[in-house]
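This report concerns only the one structure given below.
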Amino acid sequence: MIAAILSLTLLGAALGLLLGIAGRYLAVEGNPLNAEVEALLPGTNCGQCGFPGCAGAAAAIIDNLAPATCCPPGGKAVAAAIAERIGLALDLSGVADQGPQIATVSEEICIGCCRCLKVCPTDAIVGAAKQIHNVLREACTGCAACIERCPTEAMSMRPVPVTLQHWVWPKPAFA
Amino acid sequence: MSEILLLLISTALINNVVLIKFLGLCPAMGVSKSMDAALGMGLATTFVITLAAGASWALEHWLLAPFELGFLRILTFILVIAATVQFTEMVVKKSSPGLYQSLGIYLPLITTNCAVLGVALLNVQQGFGFVRSLLYGFGSAVGFTLVLLVFAGLRERLAHARVPAAFAGAPIAFITISLLSLAFMGFSGMNIGG
């Protein structure tokens with residue numbers, strides 16, 4: 001047993017050491033700006049911007065493929081911080097902070113056509129044919145893809161509803 | 001010399017890891033959408049399998065056999081394979097960021113590619129020497145790369161073909177690879193041992 005423990009420990013330590021040394025020599029120096037911008041973003045990888053996670057959004061913003069205002073949950077404050085960091089003049093007058101929103105179904109208009117379920121990237125909408133659909137608040141990222149798809153305009157974006165289970169102290173307002 | 005050639009042909013074609021032994025099917029299905037990614041994946045796996053075959057021979061003969069630690073075989077082999085894959089990932093990330101992007105999650109998943117562990121374990125089972133182990137690993141990996149390339153080529157053509165809706169996507173890929181497997185079974189008629 002001692003031999004087994006010793007050999008595995010030694011093997012693990014030796015391989016770890018080798019990998020550590022290799023990591024030093026083969027380190028990739030990415031654009032440090034990417035990491036900084038990514039740190040400014042919320043970091044929840046919600047996907048509302050349409051990029052694969054906050055790292056993808058940060059890279060796109062730096063490459064000028066996306067505006068600094070592309071992060072809906074970040075809102076005005078994040079956009080201003082990013083613009084300042086990458087030295088970009090930004091007109092924020094048109095940007096209104098709405099706070100986080102999720103899709104909701106108006107039960108009286110929903111005809112149960114199932115079209116919204118098919119476009120939902122996170123499978124946040126539940127329902128069946130000719131049954132009224134519903135949105136799971138934990139799964140909805142607020143991408144608004146379902147709004148366009150609904151033939152009866154039963155889907156709408158609303159501020160995340162507050163319930164007894166989900167109430168939190170209000171955050172201090174951004175200066 | 002002819003023995004080396006026979007061993008390579010035997011492992012790459014007749015006993016092909018993917019199509020005859022059915023090992024390493026996950027990357028074969030996952031990374032075969034384009035030739036470039038398939039070639040990169042094949043080369044990375046070749047590097048890992050050859051290195052792992054050599055390292056596992058050294059482990060077996062200098063550690064596991066002398067200390068009678070055969071029960072640790074899978075554990076130690078996986079450890080060595082994981083370290084090799086990590087090293088390969090660093091090299092790929094350093095030398096070719098584009099390939100690193102296109103391989104994505106499949107690169108670290110070489111660790112759990114059963115072809116890698118399978119080759120290492122088969123080497124021990126058949127009692128190969130060091131050079132023969134390396135050759136067996138290299139031959140298997142070449143076979144793996146070959147299948148990946150052929151399959152990726154077929155799938156690139158298939159992407160432009162009119163496939164019936166019921167077969168579009170994964171089903172037609174499975175049918176294609178099973179036909180490929182049948183084709184490779186034809187090699188077993190080449191009776192050259194190994």
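Order determines the names: the first chain of the structure tokens is A, the second B, and so forth; residues in each chain are numbered 1 upward, and ligands are numbered 1 upward as they are shown.
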*Mind checking which residues fall within 12 Å of range 78-81 of chain B, counting only C-alpha atoms, ignoring those fewer than 6 positions away in the same chain, and posting them as a VMD selection string?*
(chain A and resid 7 to 16 18 to 19) or (chain B and resid 45 47 to 60 72 87 to 88 108 to 121)
Write a file of the just-selected residues containing C-alpha atoms, as a compact mmCIF listing (two decimals), in the first residue's frame.
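Result saved to part08.txt:
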```
# COMPACT_ATOMS: atom_id res chain seq x y z
CA SER A 7 4.37 5.97 -6.54
CA LEU A 8 1.13 7.78 -7.32
CA THR A 9 2.18 10.80 -5.27
CA LEU A 10 5.59 10.95 -6.93
CA LEU A 11 4.09 10.45 -10.38
CA GLY A 12 1.51 13.19 -9.83
CA ALA A 13 4.08 15.59 -8.40
CA ALA A 14 6.55 14.95 -11.24
CA LEU A 15 3.93 15.39 -13.96
CA GLY A 16 2.56 18.50 -12.25
CA LEU A 18 6.72 19.22 -15.73
CA LEU A 19 3.40 20.77 -16.78
CA THR B 45 -4.22 12.54 -31.21
CA PHE B 47 1.11 12.91 -30.84
CA VAL B 48 -0.77 11.95 -27.67
CA ILE B 49 -1.20 8.25 -28.52
CA THR B 50 2.45 7.77 -29.51
CA LEU B 51 3.73 9.59 -26.42
CA ALA B 52 1.25 7.78 -24.17
CA ALA B 53 2.23 4.39 -25.64
CA GLY B 54 5.90 5.05 -24.84
CA ALA B 55 5.19 6.47 -21.39
CA SER B 56 2.84 3.64 -20.47
CA TRP B 57 5.48 1.08 -21.49
CA ALA B 58 8.00 2.81 -19.21
CA LEU B 59 5.46 2.93 -16.37
CA GLU B 60 4.52 -0.73 -16.79
CA LEU B 72 -2.96 0.85 -10.44
CA PHE B 87 0.93 19.49 -22.76
CA THR B 88 -0.46 19.03 -26.28
CA PRO B 108 -9.09 18.36 -23.71
CA LEU B 109 -11.46 15.46 -24.40
CA ILE B 110 -8.55 13.51 -25.97
CA THR B 111 -7.92 12.56 -22.33
CA THR B 112 -11.09 10.50 -22.33
CA ASN B 113 -10.62 9.24 -25.88
CA CYS B 114 -10.79 5.52 -25.24
CA ALA B 115 -8.48 4.88 -28.22
CA VAL B 116 -5.60 6.41 -26.23
CA LEU B 117 -6.15 4.29 -23.12
CA GLY B 118 -7.11 1.32 -25.28
CA VAL B 119 -3.82 1.35 -27.18
CA ALA B 120 -1.82 1.69 -23.94
CA LEU B 121 -3.67 -1.23 -22.33
```
*Please identify which residues in range 51-140 of chain A DSSP calls strand (DSSP E) from the backbone, and express them as a list in words.*
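In range 51-140 of chain A, DSSP puts these residues in strand (DSSP E): Gln101, Ile102, Ala103, Thr104, Val105, Ile125, Val126, Asn134 and Val135 of chain A.
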Which residues are near Gly50 in chain A? Cut-off 9 Å, only C-alpha atoms, ignore same chain within fewer than 6 positions. Put them as a PDB file with C-alpha atoms, in the first residue's frame.
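Saved result, out09.pdb, follows:
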```
ATOM      1  CA  ALA A  57     -18.493  39.847 -26.049  1.00  0.00           C
ATOM      2  CA  CYS A  70     -24.250  45.509 -26.337  1.00  0.00           C
ATOM      3  CA  CYS A 143     -32.903  37.458 -25.299  1.00  0.00           C
TER       4      CYS A 143
END
```
*Tell me, as a PyMOL selection string, which residues lie within 10 Å of Gly127 in chain A, counting only C-alpha atoms; anything in the same chain fewer than 2 positions away does not count.*
chain A and resi 112-114+116-117+125+129-135
Could those selected residues go to a file with N, CA and C atoms, as a PDB file, in the first residue's frame?
```
ATOM      1  N   GLY A 112     -51.365  28.784 -27.914  1.00  0.00           N
ATOM      2  CA  GLY A 112     -50.717  27.475 -27.791  1.00  0.00           C
ATOM      3  C   GLY A 112     -50.178  26.945 -29.091  1.00  0.00           C
ATOM      4  N   CYS A 113     -49.494  27.800 -29.868  1.00  0.00           N
ATOM      5  CA  CYS A 113     -49.029  27.365 -31.180  1.00  0.00           C
ATOM      6  C   CYS A 113     -47.634  26.752 -31.122  1.00  0.00           C
ATOM      7  N   CYS A 114     -46.931  26.877 -29.989  1.00  0.00           N
ATOM      8  CA  CYS A 114     -45.618  26.246 -29.796  1.00  0.00           C
ATOM      9  C   CYS A 114     -44.500  26.897 -30.604  1.00  0.00           C
ATOM     10  N   CYS A 116     -42.986  29.786 -30.095  1.00  0.00           N
ATOM     11  CA  CYS A 116     -41.981  30.432 -29.245  1.00  0.00           C
ATOM     12  C   CYS A 116     -41.058  29.410 -28.617  1.00  0.00           C
ATOM     13  N   LEU A 117     -41.561  28.212 -28.310  1.00  0.00           N
ATOM     14  CA  LEU A 117     -40.684  27.227 -27.658  1.00  0.00           C
ATOM     15  C   LEU A 117     -39.536  26.852 -28.564  1.00  0.00           C
ATOM     16  N   ILE A 125     -39.245  28.197 -22.206  1.00  0.00           N
ATOM     17  CA  ILE A 125     -40.694  28.239 -22.344  1.00  0.00           C
ATOM     18  C   ILE A 125     -41.239  26.814 -22.333  1.00  0.00           C
ATOM     19  N   ALA A 129     -48.952  21.817 -27.647  1.00  0.00           N
ATOM     20  CA  ALA A 129     -49.876  22.324 -28.650  1.00  0.00           C
ATOM     21  C   ALA A 129     -51.250  22.564 -28.028  1.00  0.00           C
ATOM     22  N   LYS A 130     -51.793  23.741 -28.285  1.00  0.00           N
ATOM     23  CA  LYS A 130     -53.112  24.154 -27.782  1.00  0.00           C
ATOM     24  C   LYS A 130     -53.183  24.211 -26.258  1.00  0.00           C
ATOM     25  N   GLN A 131     -52.038  24.292 -25.624  1.00  0.00           N
ATOM     26  CA  GLN A 131     -51.995  24.530 -24.181  1.00  0.00           C
ATOM     27  C   GLN A 131     -51.309  25.875 -23.983  1.00  0.00           C
ATOM     28  N   ILE A 132     -51.757  26.637 -22.988  1.00  0.00           N
ATOM     29  CA  ILE A 132     -51.146  27.934 -22.743  1.00  0.00           C
ATOM     30  C   ILE A 132     -49.698  27.735 -22.297  1.00  0.00           C
ATOM     31  N   HIS A 133     -48.775  28.519 -22.899  1.00  0.00           N
ATOM     32  CA  HIS A 133     -47.367  28.372 -22.562  1.00  0.00           C
ATOM     33  C   HIS A 133     -47.019  29.197 -21.341  1.00  0.00           C
ATOM     34  N   ASN A 134     -45.859  28.894 -20.787  1.00  0.00           N
ATOM     35  CA  ASN A 134     -45.385  29.656 -19.632  1.00  0.00           C
ATOM     36  C   ASN A 134     -43.869  29.760 -19.700  1.00  0.00           C
ATOM     37  N   VAL A 135     -43.325  30.796 -19.059  1.00  0.00           N
ATOM     38  CA  VAL A 135     -41.884  31.025 -19.081  1.00  0.00           C
ATOM     39  C   VAL A 135     -41.310  30.680 -17.714  1.00  0.00           C
TER      40      VAL A 135
END
```
*Identify all chain B residues at most 7 Å from chain A by counting only C-alpha atoms; ligands do not count. Present them as number ranges by chain.*
B: 69, 83, 87, 90-91, 94
*Rounded to one decimal in Å, what is the spacing between CA of Val147 in chain B and CA of Cys26 in chain B?*
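A separation of 12.8 Å between them.
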*Picked from chain A by DSSP as alpha helix (DSSP H), as a ChimeraX atom specification*: /A:2-25,32-40,53-62,75-85,115-119,145-149
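The interatomic distance for the pair CA of Ser2 in chain B and CA of Val18 in chain B works out to 24.7 Å.
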*Got a sec: who's within 12 Å of Cys146 in chain A, counting only C-alpha atoms, leaving out chain neighbours fewer than 6 positions off, as a VMD selection string?*
chain A and resid 102 to 105 114 to 125 133 to 135 140 152 to 157
Deliver the residues from the most recent selection as a file, using C-alpha atoms, as a CSV table (one decimal), in the first residue's frame.
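The result, written out as out.csv:
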```
chain,number,residue,atom,x,y,z
A,102,ILE,CA,-37.7,38.4,-18.9
A,103,ALA,CA,-40.3,37.2,-21.4
A,104,THR,CA,-43.8,36.7,-20.1
A,105,VAL,CA,-46.9,35.1,-21.7
A,114,CYS,CA,-45.6,26.2,-29.8
A,115,ARG,CA,-43.7,28.6,-32.1
A,116,CYS,CA,-42.0,30.4,-29.2
A,117,LEU,CA,-40.7,27.2,-27.7
A,118,LYS,CA,-38.8,26.4,-30.8
A,119,VAL,CA,-36.9,29.6,-31.0
A,120,CYS,CA,-36.0,29.8,-27.3
A,121,PRO,CA,-32.2,29.2,-27.0
A,122,THR,CA,-32.5,28.1,-23.3
A,123,ASP,CA,-35.7,26.0,-23.5
A,124,ALA,CA,-37.2,28.4,-20.9
A,125,ILE,CA,-40.7,28.2,-22.3
A,133,HIS,CA,-47.4,28.4,-22.6
A,134,ASN,CA,-45.4,29.7,-19.6
A,135,VAL,CA,-41.9,31.0,-19.1
A,140,CYS,CA,-35.1,32.9,-19.3
A,152,THR,CA,-50.7,36.9,-31.5
A,153,GLU,CA,-48.3,39.2,-29.7
A,154,ALA,CA,-48.9,37.3,-26.5
A,155,MET,CA,-45.1,37.4,-25.6
A,156,SER,CA,-43.8,40.6,-24.0
A,157,MET,CA,-40.7,41.6,-22.1
```
